[in-house]
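Below is one structure; the comments refer to it alone.
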Amino acid sequence: MSALITTRRSTNAERTVCGLLLLVAILSLGITESLAGPREQAKRIHDRLTGVPPSATVLNDLTDLITNDPTGGLYEAAIQAMENPNFYSVTLKNWATPWTNEEQTVFASLNDYTATVIGMVRDSVPFNQLLSADILYIGSDSRLPAYSMDNNEHYVQLEQLGINLKDDLLRVNQSQVTDLPSTATAGVVTSRAAARAFFVDGTNRAMYRFTMLNHLCTDLEQIKDPSRSSDRIRQDVSRSPGGDSRLFFNNCAGCHTGMEPLAQAYAYYDYSYPADDMEAGRIIYTPGEVQPKYLINATVFKDGYVTLNDHWDNYWRTGPNSLLGWDSSLPGSGDGAKSMGEELANSQAFAQCQAKKVFEAVCLRPPGDAADRAQVTSMTNNFKANNYDLKGVFADAAVYCAGE
Ligand code: HEC
């Protein structure tokens, strides 16, 4: 009993000491925060955007920018900090890499998808073209093997040779270096890396799901809406899974009603690979000819929808998912991946998702309180007003998280 009491006492004492230490830590943090002068802000901006401390000269330059212009200096300093090549080869590469594989890992080689994101940011290409443009970035260094549709060697070498991505990425048309006609290109969606990750096997619904997840920050589970028409759901989806048609209406239909008429845009694409080597495959495009993967398991529900072409319709323009903020100047239907990519990338959800992802990358935490959320809204608005220039979004975030 007495031993028990002793234990309790010492625990309480420990708690008090811990509490005091915590208080001191919080207070001193608060003090450093509130005392962050131009020099500390300059350093923080540089660290957050590039992952490395600035050189003495750069630190002086950034500090001067902030001191000399109390209103715009922080933003100017952020834009200046992006001159460091690490912004491209580390920050942007790590930012984009998880979108290019199903595991969403950052530990993957550079590829045509990540290089294209990096190049588009560098050149201030309007980022709402990400899912539709005839665009690709390759390395310009003469030591590199040529871009190949059949492997990723060009980008592996680009990285291994330590080539400066800020200076040596070259913008080309995707249709110039691949056998895709320009009309069949859809930005990073038709990159080799995305095809390898999301057109491989399956039914091409994965390309749609991961594009929504990575670029509208929306997983289908969050936006299930079973109240649309189910007339486009393919034959492979059972209408009474486990013998229960209620399950179809309450669960399966929530995703499949809206997803199917959009994923139809990819009906002519596949990733084709030799039986023994999935990495050695390439994207294929068969205009006018629906890929067999759209027609598999036809006996599961033979009255289901039979895909005849790549015509897409956005059923989610009405109902609860109109909240994703579709662009009213676009028709909401079309043929093929390019126009479907425009539909997605001109939504409010797309713009806001990019702002949120930038906030997380620069502030090293998700937006939390009301002030953070207001900041993401303001970054989203600036992004759109600034013709979808992502550099400005990175600068806005760096300023917000630079300390007072
Ligand atoms: C949260 C959204 C969602 C719900 C709910 C849902 N699905 Fe799916 N379904 C998907 C996605 C996304 C894919 C593509 C998966 C992939 O290839 O990565 C898919 C693929 C499929 C496929 C193709 C085969 C496969 O596994 O790729 C079938 C068949 C299918 N779903 C049937 C159903 C049935 C039956 C239900 C209800 C019991 C259901 N789904 C519920 C989103 C959903």
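Residue numbers start at 1 in each chain; chains themselves are named A, B, ... in the order of the structure tokens; ligands are numbered from 1 in the order shown.
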
How would you write, as a ChimeraX atom specification, the set of residues no farther than 7 Å from ligand 1 when counting only C-alpha atoms and all ligand atoms?
/A:202-206,209,220-221,224,236-239,241,247-248,251-256

Name the residues of range 122-219 of chain A that come out as strand (DSSP E or B) in a backbone DSSP run; write them as a CSV table (one decimal) with N, CA, C and O atoms, in the first residue's frame.
chain,number,residue,atom,x,y,z
A,136,LEU,N,5.1,17.5,-72.6
A,136,LEU,CA,6.0,16.6,-71.9
A,136,LEU,C,7.3,17.3,-71.8
A,136,LEU,O,7.7,18.1,-72.6
A,137,TYR,N,8.0,17.0,-70.7
A,137,TYR,CA,9.4,17.5,-70.5
A,137,TYR,C,10.4,16.4,-70.5
A,137,TYR,O,10.2,15.4,-69.9
A,138,ILE,N,11.5,16.7,-71.3
A,138,ILE,CA,12.5,15.7,-71.4
A,138,ILE,C,13.8,16.4,-71.0
A,138,ILE,O,13.9,17.7,-70.9
A,139,GLY,N,14.9,15.7,-70.8
A,139,GLY,CA,16.2,16.3,-70.5
A,139,GLY,C,16.9,16.7,-71.8
A,139,GLY,O,16.7,16.0,-72.8
A,169,LEU,N,15.7,21.0,-68.4
A,169,LEU,CA,14.4,20.3,-68.8
A,169,LEU,C,13.9,21.1,-70.0
A,169,LEU,O,13.9,22.3,-70.1
A,170,LEU,N,13.5,20.3,-71.0
A,170,LEU,CA,13.1,20.9,-72.3
A,170,LEU,C,11.6,20.5,-72.5
A,170,LEU,O,11.2,19.4,-72.5
A,171,ARG,N,10.8,21.5,-72.9
A,171,ARG,CA,9.4,21.3,-73.2
A,171,ARG,C,9.3,20.8,-74.6
A,171,ARG,O,9.8,21.4,-75.6
A,172,VAL,N,8.6,19.7,-74.8
A,172,VAL,CA,8.3,19.1,-76.1
A,172,VAL,C,6.8,18.8,-76.2
A,172,VAL,O,6.1,18.8,-75.1
A,186,ALA,N,-3.3,13.7,-73.2
A,186,ALA,CA,-4.1,14.3,-72.1
A,186,ALA,C,-3.1,14.6,-70.9
A,186,ALA,O,-3.3,14.1,-69.8
A,188,VAL,N,-0.4,14.7,-68.2
A,188,VAL,CA,0.2,13.6,-67.4
A,188,VAL,C,-0.6,12.3,-67.4
A,188,VAL,O,-0.1,11.2,-67.2
A,200,VAL,N,-2.5,-0.1,-66.4
A,200,VAL,CA,-2.0,-1.5,-66.4
A,200,VAL,C,-3.1,-2.4,-65.9
A,200,VAL,O,-3.8,-2.1,-64.9

Pick out the residues sitting within 10 Å of Ala337 in chain A, and hand them over as a PyMOL selection string; count only C-alpha atoms, and ignore anything fewer than 5 positions along from it in its own chain.
chain A and resi 131-132+183-187+189-190+262-269+310-312+342-343

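Comparing A:Leu110, A:Ala78, A:Leu308, A:Val358 by their smallest distance to Gly288 in chain A, the closest is A:Leu308 (using only C-alpha atoms).
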
With distances taken over only C-alpha atoms, the candidate from A:Asp396, A:Asp134, A:Asp277, A:Asp244 nearest Gln176 in chain A is A:Asp134

Give me, as an NGL selection string, all polymer residues having an atom no more than 9 Å from Lys391 in chain A, counting only C-alpha atoms and skipping those fewer than 6 positions away in the same chain.
:A and (79 or 82 or 121-122 or 124 or 383)

Just the selected residues (C-alpha atoms), exported as a PDB file, in the first residue's frame, please.
ATOM      1  CA  ILE A  79      10.158  33.827 -55.621  1.00  0.00           C
ATOM      2  CA  MET A  82      12.953  29.242 -55.967  1.00  0.00           C
ATOM      3  CA  VAL A 121       5.898  24.884 -62.646  1.00  0.00           C
ATOM      4  CA  ARG A 122       9.258  26.246 -63.810  1.00  0.00           C
ATOM      5  CA  SER A 124       4.566  28.921 -65.334  1.00  0.00           C
ATOM      6  CA  PHE A 383      -3.867  30.683 -58.282  1.00  0.00           C
TER       7      PHE A 383
END

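Residues surrounding Leu144 in chain A within 8 Å are Gly139, Ser140, His154, Gln157 and Leu158 of chain A [only C-alpha atoms; sequence separation below 4 positions excluded].
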
Using only C-alpha atoms: which of A:Ile223, A:Ala371, A:Leu161, A:Ala385 has the shortest distance to Ala351 in chain A:
A:Ala385

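CA of Leu165 in chain A sits 25.0 Å away from CA of Ile283 in chain A.
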
I'd like to know which residues of range 203-267 of chain A are alpha helix (DSSP H) (by DSSP, run on the backbone); could you write them as a VMD selection string?
chain A and resid 205 to 215 245 to 247 253 to 263

Distance in Å - CA of Ile233 in chain A versus CA of Met340 in chain A
17.9 Å

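Closest to Glu360 in chain A among A:Thr318, A:Asn382, A:Gln348, A:Gln375 is A:Gln375, based on only C-alpha atoms.
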
From the options A:Asp335, A:Tyr88, A:Ala197, A:Pro70, which residue's atoms come nearest to Glu103 in chain A, counting only C-alpha atoms?
A:Ala197

CA of Tyr315 in chain A to CA of Ser227 in chain A, straight-line distance in Å:
10.1 Å

Using only C-alpha atoms, determine which residues lie at most 7 Å from Ile284 in chain A, disregarding the query and same-chain residues fewer than 2 positions distant; provide the list as a list in words.
Tyr269, Asp270, Tyr271, Ser272, Arg282 and Thr286 of chain A

What's the 12 Å shell around Gly162 in chain A, counting only C-alpha atoms, without same-chain residues fewer than 5 positions away, as a list in words?
Pro85, Asn86, Ser89, Val90, Leu110, Gly139, Asp141, Arg143, Leu144, Tyr155, Val156, Gln157, Asp167 and Asp168 of chain A

Residues as selected, all heavy atoms, written as an mmCIF file, in the first residue's frame, can you do that?
data_model
loop_
_atom_site.group_PDB
_atom_site.id
_atom_site.type_symbol
_atom_site.label_atom_id
_atom_site.label_comp_id
_atom_site.auth_asym_id
_atom_site.auth_seq_id
_atom_site.Cartn_x
_atom_site.Cartn_y
_atom_site.Cartn_z
ATOM 1 N N PRO A 85 18.238 25.379 -57.380
ATOM 2 C CA PRO A 85 17.830 24.181 -58.141
ATOM 3 C C PRO A 85 17.152 23.117 -57.280
ATOM 4 O O PRO A 85 16.392 22.295 -57.795
ATOM 5 C CB PRO A 85 19.144 23.644 -58.715
ATOM 6 C CG PRO A 85 20.162 24.685 -58.513
ATOM 7 C CD PRO A 85 19.675 25.690 -57.531
ATOM 8 N N ASN A 86 17.411 23.140 -55.968
ATOM 9 C CA ASN A 86 16.773 22.160 -55.084
ATOM 10 C C ASN A 86 15.259 22.285 -55.068
ATOM 11 O O ASN A 86 14.560 21.307 -54.788
ATOM 12 C CB ASN A 86 17.279 22.347 -53.649
ATOM 13 C CG ASN A 86 18.311 21.311 -53.288
ATOM 14 O OD1 ASN A 86 19.160 20.992 -54.122
ATOM 15 N ND2 ASN A 86 18.232 20.789 -52.087
ATOM 16 N N SER A 89 14.586 19.908 -58.036
ATOM 17 C CA SER A 89 15.035 18.516 -57.990
ATOM 18 C C SER A 89 14.645 17.813 -56.695
ATOM 19 O O SER A 89 14.645 16.585 -56.648
ATOM 20 C CB SER A 89 16.545 18.448 -58.204
ATOM 21 O OG SER A 89 17.192 19.180 -57.201
ATOM 22 N N VAL A 90 14.319 18.550 -55.653
ATOM 23 C CA VAL A 90 13.926 17.907 -54.390
ATOM 24 C C VAL A 90 12.469 18.228 -54.045
ATOM 25 O O VAL A 90 11.625 17.344 -53.990
ATOM 26 C CB VAL A 90 14.857 18.322 -53.227
ATOM 27 C CG1 VAL A 90 14.408 17.662 -51.932
ATOM 28 C CG2 VAL A 90 16.306 17.939 -53.550
ATOM 29 N N LEU A 110 12.655 9.545 -60.888
ATOM 30 C CA LEU A 110 12.080 10.568 -61.754
ATOM 31 C C LEU A 110 11.439 9.864 -62.951
ATOM 32 O O LEU A 110 11.914 8.810 -63.378
ATOM 33 C CB LEU A 110 13.207 11.487 -62.228
ATOM 34 C CG LEU A 110 12.812 12.766 -62.960
ATOM 35 C CD1 LEU A 110 12.257 13.786 -61.965
ATOM 36 C CD2 LEU A 110 14.025 13.369 -63.676
ATOM 37 N N GLY A 139 14.910 15.663 -70.779
ATOM 38 C CA GLY A 139 16.209 16.262 -70.492
ATOM 39 C C GLY A 139 16.887 16.682 -71.782
ATOM 40 O O GLY A 139 16.736 16.025 -72.814
ATOM 41 N N ASP A 141 20.275 17.209 -71.997
ATOM 42 C CA ASP A 141 21.704 16.875 -71.965
ATOM 43 C C ASP A 141 22.035 15.783 -72.987
ATOM 44 O O ASP A 141 21.332 14.770 -73.081
ATOM 45 C CB ASP A 141 22.070 16.399 -70.554
ATOM 46 C CG ASP A 141 23.561 16.340 -70.333
ATOM 47 O OD1 ASP A 141 24.213 15.436 -70.910
ATOM 48 O OD2 ASP A 141 24.085 17.189 -69.591
ATOM 49 N N ARG A 143 24.239 13.550 -73.092
ATOM 50 C CA ARG A 143 24.666 12.229 -72.601
ATOM 51 C C ARG A 143 23.492 11.274 -72.402
ATOM 52 O O ARG A 143 23.676 10.076 -72.183
ATOM 53 C CB ARG A 143 25.389 12.394 -71.252
ATOM 54 C CG ARG A 143 26.756 13.032 -71.341
ATOM 55 C CD ARG A 143 27.274 13.375 -69.956
ATOM 56 N NE ARG A 143 26.481 14.436 -69.330
ATOM 57 C CZ ARG A 143 26.605 14.832 -68.060
ATOM 58 N NH1 ARG A 143 27.462 14.218 -67.269
ATOM 59 N NH2 ARG A 143 25.854 15.805 -67.573
ATOM 60 N N LEU A 144 22.270 11.800 -72.434
ATOM 61 C CA LEU A 144 21.106 10.976 -72.100
ATOM 62 C C LEU A 144 20.657 10.087 -73.251
ATOM 63 O O LEU A 144 20.721 10.497 -74.414
ATOM 64 C CB LEU A 144 19.932 11.897 -71.729
ATOM 65 C CG LEU A 144 20.094 12.734 -70.479
ATOM 66 C CD1 LEU A 144 18.985 13.777 -70.396
ATOM 67 C CD2 LEU A 144 20.095 11.845 -69.245
ATOM 68 N N TYR A 155 14.845 9.083 -67.832
ATOM 69 C CA TYR A 155 14.683 9.832 -66.581
ATOM 70 C C TYR A 155 15.555 9.284 -65.457
ATOM 71 O O TYR A 155 16.028 10.043 -64.613
ATOM 72 C CB TYR A 155 13.197 9.858 -66.187
ATOM 73 C CG TYR A 155 12.392 10.612 -67.221
ATOM 74 C CD1 TYR A 155 11.753 9.937 -68.262
ATOM 75 C CD2 TYR A 155 12.338 11.998 -67.194
ATOM 76 C CE1 TYR A 155 11.048 10.638 -69.230
ATOM 77 C CE2 TYR A 155 11.639 12.708 -68.159
ATOM 78 C CZ TYR A 155 10.998 12.023 -69.171
ATOM 79 O OH TYR A 155 10.328 12.716 -70.142
ATOM 80 N N VAL A 156 15.782 7.973 -65.469
ATOM 81 C CA VAL A 156 16.696 7.386 -64.480
ATOM 82 C C VAL A 156 18.083 8.000 -64.659
ATOM 83 O O VAL A 156 18.730 8.428 -63.691
ATOM 84 C CB VAL A 156 16.744 5.845 -64.630
ATOM 85 C CG1 VAL A 156 17.854 5.244 -63.778
ATOM 86 C CG2 VAL A 156 15.401 5.238 -64.248
ATOM 87 N N GLN A 157 18.506 8.101 -65.910
ATOM 88 C CA GLN A 157 19.827 8.685 -66.208
ATOM 89 C C GLN A 157 19.868 10.175 -65.860
ATOM 90 O O GLN A 157 20.847 10.680 -65.333
ATOM 91 C CB GLN A 157 20.172 8.494 -67.687
ATOM 92 C CG GLN A 157 20.473 7.056 -68.071
ATOM 93 C CD GLN A 157 21.719 6.544 -67.347
ATOM 94 O OE1 GLN A 157 22.696 7.268 -67.176
ATOM 95 N NE2 GLN A 157 21.672 5.301 -66.896
ATOM 96 N N ASP A 167 17.588 23.956 -65.201
ATOM 97 C CA ASP A 167 18.118 24.497 -66.456
ATOM 98 C C ASP A 167 17.996 23.537 -67.631
ATOM 99 O O ASP A 167 17.974 23.968 -68.783
ATOM 100 C CB ASP A 167 19.602 24.861 -66.284
ATOM 101 C CG ASP A 167 19.796 25.946 -65.247
ATOM 102 O OD1 ASP A 167 18.881 26.793 -65.121
ATOM 103 O OD2 ASP A 167 20.826 25.930 -64.545
ATOM 104 N N ASP A 168 17.943 22.236 -67.360
ATOM 105 C CA ASP A 168 18.077 21.275 -68.461
ATOM 106 C C ASP A 168 16.831 20.460 -68.764
ATOM 107 O O ASP A 168 16.919 19.372 -69.333
ATOM 108 C CB ASP A 168 19.273 20.354 -68.204
ATOM 109 C CG ASP A 168 20.588 21.117 -68.325
ATOM 110 O OD1 ASP A 168 20.696 21.938 -69.255
ATOM 111 O OD2 ASP A 168 21.469 20.925 -67.479
#

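Considering only C-alpha atoms, the residue among A:Phe87, A:Trp95, A:Tyr294, A:Phe394 positioned nearest to Val306 in chain A is A:Tyr294.
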